[in-house]
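Peer 1: Below is the structure I would like to discuss, written out as structure tokens.
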Amino acid sequence: MARHNVTVTVNGEAHSREVDSRLLLVHLIRDELALTGTHIGCDTTHCGACTVLVDGVPTKSCTVLAVQADGADIGTVEGLADANGMSALQEGFMQEHGLQCGFCTPGMLMTGTALLAANANPSEAEIREAISGNLCRCTGYVNIVKAVEYAAAKMAGADAPADGEDN
Amino acid sequence: MAPRTSAKICGMGHSMKRKEDPRFLQGKGNYIDDFTLPGMLWLDIVRSPIAYGKIVNIDTSKALEIDGVLAVLTGKDLEAYNLHWMPTLMSDTQMVLPTDTVMYQSQEVAGVIATSRYAAADGVAAVEVEYEPMKPVIDPFQALEDDAPVLRTDKEGQEDNRIWHWEAGDKEATDKIFDEADVVVREKMHVPRIHVASIETCGCLADFNPVEGHLTVYMTTQAPHAIRTVLALVAGHVGLSEEKIRVVSPDIGGGFGGKVPVYPGYVIAIAASVVLGKPVKWIEDRMENLQADSFARDYHMDAEVAADSSGRIRALRIKTLADHGYSDAQAAPSKFPAGLFSICTGSYDMENAYAEVDAVYTNKPPGGVAYRCSFRVTEAVHCLERIVDTLAHKVGKDPATLREENFIGKEAFPYQSPLGWEYDSGDYQAAMDKAKEMIGYDDLRREQAEKRARGELMGIGVCSFTEVLGAGPSKDFDILGIKMFDSAEVRVHPTGKAIARFGTKSQGQGHETTYAQIIAEELGLPAAHVQVEEGDTDTAPYGLGTYASRSTPTAGAAGAMAARKIRDKAAKIAAHLLEVSEDDLDWEPGTFSVKGAPDKSVSIQECAFAAYTNLPEGLEPGMEATNYYDPPNLTFPFGTYICVVDIDRGTGEVSVRRFVAVDDCGNIINPMIVQGQIHGGLTQGLGPALYEEIPYDEDGNNLAGSFMDYLVPTAVETPAWETGHTVTPSPHHPLGAKGVGESATVGAPPAIANAVVDALAHLGVTHMEIPIRPDRVWEVLREKGVAG
Amino acid sequence: MIPPQFDYHAPGSLEEALALLGELDDAKVMSGGQSLLPMLKLRLATPANIVDIGRIPGLDSITESGGSLRIGALVTETALEENATVAERYPILLDTAKVIADPLVRNRATICGNVAHGDPANDHPATMLALRAQMVATGPKGERTIGVDDFFHGLFMTSLDPGEILTEIRIPAPGERSGGAYLKLERKVGDYAVAGVAVQLELDKNGKVTRAGIGLTNLGFAPIRASAAEKALTGATLLEQRGFKGAIARVRGIFSGGLDADEVIAAAAQAAADATDPVADRRGSVEYKRNMARVLTARAIRQALSRAGG
Ligand SMILES: Cc1cc2nc3c(=O)[nH]c(=O)nc-3n(C[C@H](O)[C@H](O)[C@H](O)COP(=O)(O)OP(=O)(O)OC[C@H]3O[C@@H](n4cnc5c(N)ncnc54)[C@H](O)[C@@H]3O)c2cc1C
Ligand code: FES
Ligand code: FES
């Protein structure tokens, strides 16, 4: 079966690989490029643990072929922090305790990053809808919603919301 | 409760941000599938499409022709090493690979070893297995009938499908109360099979070094030490003795009890690594995870409550049938085959109780794991909290009031329950009061009455549970004979920074943070300066692992005790440095000072330095302590949950409008983490209450074997949980803490079910089986003539 | 879950794609891949060749021209959701897109793929029935237009030839007073419908229904047109008129031998339920699904009416 040359830019860095037609993008990212922050949690495109940005669009990378991504600009969790530290959303997850086991977190972060790029001030309902293709088994979502709100506020230049301590 | 330590020290009571977060947030976690080793091979598994049948032939020839496929292992291959069967944690046996018979759908039949994931998958597709199907036993009630075929013909002396019978309480005395009681209510209920469905599935990377005869296994396990011991027991005869085995449990993407058992896949990977002398990785996919890994629950309960005419509960009687699949592969303490089910008298004072459980074999996957639950507590609480509502309905009392009138009073602690537990502490009314106030209970009842008059369906559900955690005291608790203590090893280095190692294993609970806070609380070192490690059997002290919310009650206590030993030693050093007697010292977290002269002081860090540089005569150098903590009792957290639901009369859909959870887990180590645990637990209670179930058809086909039909709630279905707490410390735990990870999973399903039943109560409905699917609700609405 | 071996082709033009489909053995078109790739991963489909049309320029536009809305082969659900014309003039399409799968899947899944897949569980087919859409298929011999009623034949079976590509869906522009709605009952986000109902109504200036389209999702082996239900509505005046005017209209209606609006809607809803042929599964019994068709039809009619009246 034919092999294909694929060039993708991941987090700003170009990579070329020769791949099988059937190689899934998630396996290109994890196994070939050793970027293991992107996870796999299901077989049926339900969990979103594999979410990456393909040309800015949050995408389940388990349901895209690596060849389909040829020429694409891909963003993974490893590219969110820069020299100035973690992104506002990453910080929001830390401050609001938006993660526990951390397995869904990279996917959540990628979806959340795209949401905030499209909608600087999403409502709770909009956030819940936006992350409805990303399953989390640990957090119950409340603090993930808060984490996105935290990032929205921070990016808008407002003071970070108060800590979500128990009442 | 104000924290005792400063924000810098960050001991108990501080919402310290988690130390593990930066790596997870930047994609730098190390989960099992992130590991690779040079020359690594892949294992993928051929599974049975049928639930029960003989294997006539396994043809591996086509698979072996595939590029990259190196070997196919079958039960016959393992039989040569006597590795085709393994013991379960309940001293039952389970096949690694079958030699002649398959016992459930998706059972492992052969292992394909290949040079890549893709080749291994192709190999699996190419293995041809011929079966001779047999009629499976699926219904556990039928399994006990006289004409049911005996499934475990491999077990000598096994003449039927009963695994064990367990009972607790005084049957005669209980029966007598029932005979004379004013009111008896009865409800049959099933807490169905569900799955933990952690977002990370299970897997391992087995690396056998043939030169050294040493095996390293990286694996998704919540109990690395126990697993190593089990591996040594299983494979000791082929030369793998315990000191030659290292189990490393890396970052775990959710465990919830599902990563306690030893699955055949692990053993096949290890066998393959030993045979081929190369590292072998096995990562199960989601369908394998849902179809073959240990399930949870599956208790069929027939419950009765006897009460006086005012609704005062006098006795409880429960008869249970437990479907364990084809092997008892649960992970319960040895002496507790039905787990801690005898907590079923819950928060209510009653004269007597009797509970019995019969366990049976069926043609389903083995298991019975304690899914975010302290061994069958979920089943017990669901049963009691449901039937208490039936009683309230029967005697015409508000379910909250009926509960209040039956609560064990706070003055009654320590309380001896009729089934033998000594509850450590509790104030049930306080939690109830807080929950009612937070949700505005009386207003909701008014709203409900108005809505009912208009024909709208709204329900309010209450649940006041008592949990039992922290297994457990060694006199009663062991797994395969190993006592259920847990351990901590703390070392403070010369510069005053510490490393603390534990026998448990976090799967998202934030141990790296909370354990550091415990050490900080006791030693006054900043929690930021305490490095926590777990999960590597070569370095961590022996412990039984993390499940059943036992970490804080056991390992957390061990950490505190070890830190106290260090503090005692530091006091000797401080006395030496300050040239006073130990009795003349005051201790403030982090500082020893001379009584009456507070400016004459030394810090814990100075003491640590001196422990290596300037010791009083006769004192052993270093600053290190170990504690193996054997808890004197279990802990009994509790809480009251109140839930409000609205029901769509047209479709039967239930929506959870509000949910207030008031928990009491004693003293709190990290409020932020505790709240997060409760949010997660509530969502894992919402799932089984409304969505999740693993049903089988009569041929033994799993009907919810992928995320297509195993309905894990998304952010849209999940309500915005509201939480609160009261604090009733545990009198026997060194920190007064009780553990919290599981209360919400236990308390939420009955609260939700009670709310739905409450919405329909005026129609004469007394019970709904979970999951309360829309079609189930609609059937009831139609039967009652109110479907829209 | 790993797909089986196949060969992948990414033609840069429609001509090239058609040529490939003609030449290659056992070739399958792929657009969004959100149905095809999951099937490959489960090895439920094992095509030897995949022709990815995703790189063909010019197929991703939504335009309203020549009296119809034209949805190109590569228009994604997300693009549909974000389109202003759709939101304003075709709210039923927006309703449909929003309840499909989840937002991430919708970023790649296409409307044409959804229809071409021929899965009665997919949501767009019912909406296309209600809207009386036309399917434009392009094959080696050029373009042909297939009415939606001739398009679906059964489980995963459509009128498309293996060598054809569904290049466009054309939806007749709605009349002045028209409105539609799509309602779906699902067990949770990301689930296929327990039942789904699409209703599109056109009214005259007096509020009389001149044309009704009703399509049903996942209630049989193919998407279903509820013809009897459409008939029951056509010619009826259903606008909910309040107060005095409403009372007069109702009385007049009754005197003229007609039924009142509630009864007409109930009768249409029952007719829709009668048109279904569901199977019992984890989503519910046959009985339940039939009744859900009834309940959702009534609700969708009311919502369509209110949109038409607005
Ligand atoms: C988790 C999940 C949940 C989903 N839930 C829903 C849901 O609730 N409702 C719903 O409607 N859908 C649902 N879907 C399906 C989704 O909408 C699909 O994407 C859609 O059905 C197919 O569109 P696609 O562009 O991805 O097509 P592909 O997957 O690329 O193709 C699907 C089929 O159509 C053929 N095909 C595709 N495009 C063309 C064309 N232009 N011409 C000819 N043949 C073509 C292909 O050969 C293939 O056989 C879900 C999918 C997932 C993964
Ligand atoms: S791995 Fe689950 S959606 Fe991609
Ligand atoms: S944090 Fe564990 S799955 Fe989300």
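All residue names refer to the structure tokens as shown: chains lettered A, B, ... in order, residues numbered from 1 in each chain, ligands numbered from 1 in order.
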Restrict the calculation to only C-alpha atoms and all ligand atoms, then for each residue of chain A with any atom at most 9 Å from an atom of ligand 2 give the closest atom pair and their distance in Å to one decimal, rows by chain and rising residue number, as JSON lines.
Peer 2:
{"residue": "A:Val26", "atom": "CA", "partner": "ligand 2", "partner_atom_place_in_ligand_line": "4 (Fe)", "distance": 7.9}
{"residue": "A:His39", "atom": "CA", "partner": "ligand 2", "partner_atom_place_in_ligand_line": "1 (S)", "distance": 6.7}
{"residue": "A:Ile40", "atom": "CA", "partner": "ligand 2", "partner_atom_place_in_ligand_line": "1 (S)", "distance": 3.9}
{"residue": "A:Gly41", "atom": "CA", "partner": "ligand 2", "partner_atom_place_in_ligand_line": "1 (S)", "distance": 4.4}
{"residue": "A:Cys42", "atom": "CA", "partner": "ligand 2", "partner_atom_place_in_ligand_line": "2 (Fe)", "distance": 3.9}
{"residue": "A:Asp43", "atom": "CA", "partner": "ligand 2", "partner_atom_place_in_ligand_line": "2 (Fe)", "distance": 6.0}
{"residue": "A:Thr44", "atom": "CA", "partner": "ligand 2", "partner_atom_place_in_ligand_line": "2 (Fe)", "distance": 6.4}
{"residue": "A:Thr45", "atom": "CA", "partner": "ligand 2", "partner_atom_place_in_ligand_line": "3 (S)", "distance": 3.5}
{"residue": "A:His46", "atom": "CA", "partner": "ligand 2", "partner_atom_place_in_ligand_line": "3 (S)", "distance": 4.5}
{"residue": "A:Cys47", "atom": "CA", "partner": "ligand 2", "partner_atom_place_in_ligand_line": "2 (Fe)", "distance": 3.8}
{"residue": "A:Gly48", "atom": "CA", "partner": "ligand 2", "partner_atom_place_in_ligand_line": "3 (S)", "distance": 3.9}
{"residue": "A:Ala49", "atom": "CA", "partner": "ligand 2", "partner_atom_place_in_ligand_line": "1 (S)", "distance": 5.3}
{"residue": "A:Cys50", "atom": "CA", "partner": "ligand 2", "partner_atom_place_in_ligand_line": "4 (Fe)", "distance": 4.5}
{"residue": "A:Thr51", "atom": "CA", "partner": "ligand 2", "partner_atom_place_in_ligand_line": "4 (Fe)", "distance": 6.7}
{"residue": "A:Thr59", "atom": "CA", "partner": "ligand 2", "partner_atom_place_in_ligand_line": "4 (Fe)", "distance": 8.7}
{"residue": "A:Lys60", "atom": "CA", "partner": "ligand 2", "partner_atom_place_in_ligand_line": "4 (Fe)", "distance": 5.0}
{"residue": "A:Ser61", "atom": "CA", "partner": "ligand 2", "partner_atom_place_in_ligand_line": "4 (Fe)", "distance": 5.9}
{"residue": "A:Cys62", "atom": "CA", "partner": "ligand 2", "partner_atom_place_in_ligand_line": "4 (Fe)", "distance": 4.3}
{"residue": "A:Thr63", "atom": "CA", "partner": "ligand 2", "partner_atom_place_in_ligand_line": "4 (Fe)", "distance": 6.4}
{"residue": "A:Gly133", "atom": "CA", "partner": "ligand 2", "partner_atom_place_in_ligand_line": "3 (S)", "distance": 7.8}
{"residue": "A:Asn134", "atom": "CA", "partner": "ligand 2", "partner_atom_place_in_ligand_line": "3 (S)", "distance": 7.6}
{"residue": "A:Leu135", "atom": "CA", "partner": "ligand 2", "partner_atom_place_in_ligand_line": "2 (Fe)", "distance": 8.5}
Peer 1: Residues as selected, N, CA and C atoms, written as a JSON list (two decimals), in the first residue's frame, can you do that?
Peer 2:
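And here's part.json as it stands now:
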[["chain", "number", "residue", "atom", "x", "y", "z"],
["A", 26, "VAL", "N", -3.68, 11.18, 15.29],
["A", 26, "VAL", "CA", -3.28, 11.10, 16.70],
["A", 26, "VAL", "C", -2.04, 10.24, 16.87],
["A", 39, "HIS", "N", -4.01, 12.74, 23.96],
["A", 39, "HIS", "CA", -4.33, 11.40, 24.46],
["A", 39, "HIS", "C", -5.37, 10.68, 23.62],
["A", 40, "ILE", "N", -5.58, 9.42, 23.96],
["A", 40, "ILE", "CA", -6.61, 8.61, 23.30],
["A", 40, "ILE", "C", -7.49, 7.99, 24.38],
["A", 41, "GLY", "N", -8.78, 8.17, 24.26],
["A", 41, "GLY", "CA", -9.65, 7.63, 25.30],
["A", 41, "GLY", "C", -10.81, 6.81, 24.79],
["A", 42, "CYS", "N", -10.94, 6.69, 23.47],
["A", 42, "CYS", "CA", -12.07, 5.89, 22.97],
["A", 42, "CYS", "C", -11.82, 5.44, 21.55],
["A", 43, "ASP", "N", -12.78, 4.67, 21.02],
["A", 43, "ASP", "CA", -12.67, 4.16, 19.65],
["A", 43, "ASP", "C", -13.73, 4.76, 18.76],
["A", 44, "THR", "N", -14.64, 5.52, 19.33],
["A", 44, "THR", "CA", -15.84, 5.91, 18.59],
["A", 44, "THR", "C", -16.02, 7.42, 18.48],
["A", 45, "THR", "N", -14.92, 8.16, 18.66],
["A", 45, "THR", "CA", -14.96, 9.61, 18.45],
["A", 45, "THR", "C", -15.86, 10.31, 19.46],
["A", 46, "HIS", "N", -15.93, 9.77, 20.66],
["A", 46, "HIS", "CA", -16.79, 10.39, 21.67],
["A", 46, "HIS", "C", -16.06, 11.18, 22.74],
["A", 47, "CYS", "N", -14.81, 10.87, 23.05],
["A", 47, "CYS", "CA", -14.25, 11.40, 24.30],
["A", 47, "CYS", "C", -13.50, 12.71, 24.17],
["A", 48, "GLY", "N", -12.92, 12.99, 23.02],
["A", 48, "GLY", "CA", -12.23, 14.27, 22.84],
["A", 48, "GLY", "C", -10.87, 14.37, 23.50],
["A", 49, "ALA", "N", -10.37, 13.26, 24.08],
["A", 49, "ALA", "CA", -9.04, 13.32, 24.72],
["A", 49, "ALA", "C", -7.96, 13.63, 23.69],
["A", 50, "CYS", "N", -8.29, 13.38, 22.42],
["A", 50, "CYS", "CA", -7.33, 13.52, 21.33],
["A", 50, "CYS", "C", -7.42, 14.88, 20.63],
["A", 51, "THR", "N", -8.17, 15.81, 21.20],
["A", 51, "THR", "CA", -8.43, 17.08, 20.50],
["A", 51, "THR", "C", -7.16, 17.89, 20.27],
["A", 59, "THR", "N", -10.27, 19.67, 16.70],
["A", 59, "THR", "CA", -10.54, 18.48, 15.89],
["A", 59, "THR", "C", -10.17, 17.25, 16.68],
["A", 60, "LYS", "N", -10.98, 16.21, 16.55],
["A", 60, "LYS", "CA", -10.64, 14.95, 17.20],
["A", 60, "LYS", "C", -9.63, 14.23, 16.32],
["A", 61, "SER", "N", -8.38, 14.21, 16.77],
["A", 61, "SER", "CA", -7.30, 13.74, 15.90],
["A", 61, "SER", "C", -7.31, 12.22, 15.73],
["A", 62, "CYS", "N", -8.19, 11.53, 16.46],
["A", 62, "CYS", "CA", -8.34, 10.10, 16.24],
["A", 62, "CYS", "C", -9.23, 9.82, 15.05],
["A", 63, "THR", "N", -9.86, 10.86, 14.53],
["A", 63, "THR", "CA", -10.80, 10.67, 13.44],
["A", 63, "THR", "C", -10.40, 11.54, 12.24],
["A", 133, "GLY", "N", -18.09, 17.83, 23.54],
["A", 133, "GLY", "CA", -17.46, 16.71, 22.84],
["A", 133, "GLY", "C", -16.21, 16.23, 23.56],
["A", 134, "ASN", "N", -15.99, 16.73, 24.76],
["A", 134, "ASN", "CA", -14.83, 16.32, 25.56],
["A", 134, "ASN", "C", -15.35, 15.75, 26.87],
["A", 135, "LEU", "N", -15.10, 14.46, 27.08],
["A", 135, "LEU", "CA", -15.57, 13.85, 28.32],
["A", 135, "LEU", "C", -14.52, 13.99, 29.41]]
Peer 1: Any idea which chain C residues end up within 7 Å of chain B if we count only C-alpha atoms, as a PDB file with N, CA, C and O atoms, in the first residue's frame please?
Peer 2:
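Okay, iface02.pdb is ready:
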ATOM      1  N   MET C   1      -8.148   0.847  18.338  1.00  0.00           N
ATOM      2  CA  MET C   1      -8.911   0.552  17.119  1.00  0.00           C
ATOM      3  C   MET C   1      -8.184   1.133  15.922  1.00  0.00           C
ATOM      4  O   MET C   1      -7.980   2.350  15.834  1.00  0.00           O
ATOM      5  N   ILE C   2      -7.815   0.254  15.036  1.00  0.00           N
ATOM      6  CA  ILE C   2      -6.929   0.629  13.945  1.00  0.00           C
ATOM      7  C   ILE C   2      -7.615   0.321  12.615  1.00  0.00           C
ATOM      8  O   ILE C   2      -8.110  -0.789  12.422  1.00  0.00           O
ATOM      9  N   LYS C 188     -28.153  11.791  25.274  1.00  0.00           N
ATOM     10  CA  LYS C 188     -27.180  12.760  25.757  1.00  0.00           C
ATOM     11  C   LYS C 188     -26.518  13.391  24.538  1.00  0.00           C
ATOM     12  O   LYS C 188     -26.723  12.905  23.419  1.00  0.00           O
ATOM     13  N   VAL C 189     -25.743  14.420  24.743  1.00  0.00           N
ATOM     14  CA  VAL C 189     -25.042  15.038  23.624  1.00  0.00           C
ATOM     15  C   VAL C 189     -24.151  13.997  22.956  1.00  0.00           C
ATOM     16  O   VAL C 189     -23.471  13.232  23.629  1.00  0.00           O
ATOM     17  N   ASP C 191     -25.307  11.650  20.987  1.00  0.00           N
ATOM     18  CA  ASP C 191     -26.059  10.434  20.708  1.00  0.00           C
ATOM     19  C   ASP C 191     -26.893  10.625  19.442  1.00  0.00           C
ATOM     20  O   ASP C 191     -27.312  11.737  19.125  1.00  0.00           O
ATOM     21  N   GLY C 284     -35.069   2.645  23.406  1.00  0.00           N
ATOM     22  CA  GLY C 284     -36.452   2.510  23.836  1.00  0.00           C
ATOM     23  C   GLY C 284     -37.212   1.479  23.023  1.00  0.00           C
ATOM     24  O   GLY C 284     -36.709   0.937  22.033  1.00  0.00           O
ATOM     25  N   TYR C 288     -42.514   3.291  22.603  1.00  0.00           N
ATOM     26  CA  TYR C 288     -41.965   4.563  23.067  1.00  0.00           C
ATOM     27  C   TYR C 288     -41.557   5.432  21.880  1.00  0.00           C
ATOM     28  O   TYR C 288     -41.902   6.606  21.796  1.00  0.00           O
ATOM     29  N   MET C 292     -42.859   8.997  20.798  1.00  0.00           N
ATOM     30  CA  MET C 292     -41.974  10.167  20.736  1.00  0.00           C
ATOM     31  C   MET C 292     -42.105  10.861  19.389  1.00  0.00           C
ATOM     32  O   MET C 292     -42.035  12.078  19.293  1.00  0.00           O
ATOM     33  N   VAL C 295     -45.164  12.987  19.935  1.00  0.00           N
ATOM     34  CA  VAL C 295     -44.950  14.136  20.822  1.00  0.00           C
ATOM     35  C   VAL C 295     -44.074  15.195  20.138  1.00  0.00           C
ATOM     36  O   VAL C 295     -44.376  16.390  20.163  1.00  0.00           O
TER      37      VAL C 295
END
Peer 1: Residues of chain A no more than 7 Å from chain B, counting only C-alpha atoms: send them over as a PyMOL selection string.
Peer 2: chain A and resi 36-37+41-44+46+77-78+90+94-95+100-106+128-129+131-132+135-142+165-167
Peer 1: Which residues are near ligand 1 in this structure, taking near to mean any atom at most 6 Å from a ligand atom and counting only C-alpha atoms and all ligand atoms? Format them as an NGL selection string.
Peer 2: (:A and (45-46)) or (:C and (28-36 or 73 or 100-101 or 105 or 109-110 or 112-114 or 116-117 or 122-124 or 165-167 or 190-192))
Peer 1: Identify, on the basis of only C-alpha atoms, every residue whose closest approach to Ala275 of chain C does not exceed 12 Å; exclude the query and any residue fewer than 5 positions from it along the same chain; express the result as a list in words.
Peer 2: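 Selected residues are Ile214, Gly215, Leu216, Thr217, Leu219, Gly220, Ala222, Pro223, Ile224, Arg225, Ala226, Ser227, Ala228, Ala229, Glu230, Ala268, Ala269, Gln270, Lys289, Arg290, Asn291, Ala293, Arg294 and Thr297 of chain C.
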Peer 1: Could you jot down the atom CA of Glu467 of chain B to atom CA of Phe638 of chain B separation for me, Å, one decimal place?
Peer 2: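 Going from atom CA of Glu467 of chain B over to atom CA of Phe638 of chain B covers 5.8 Å.
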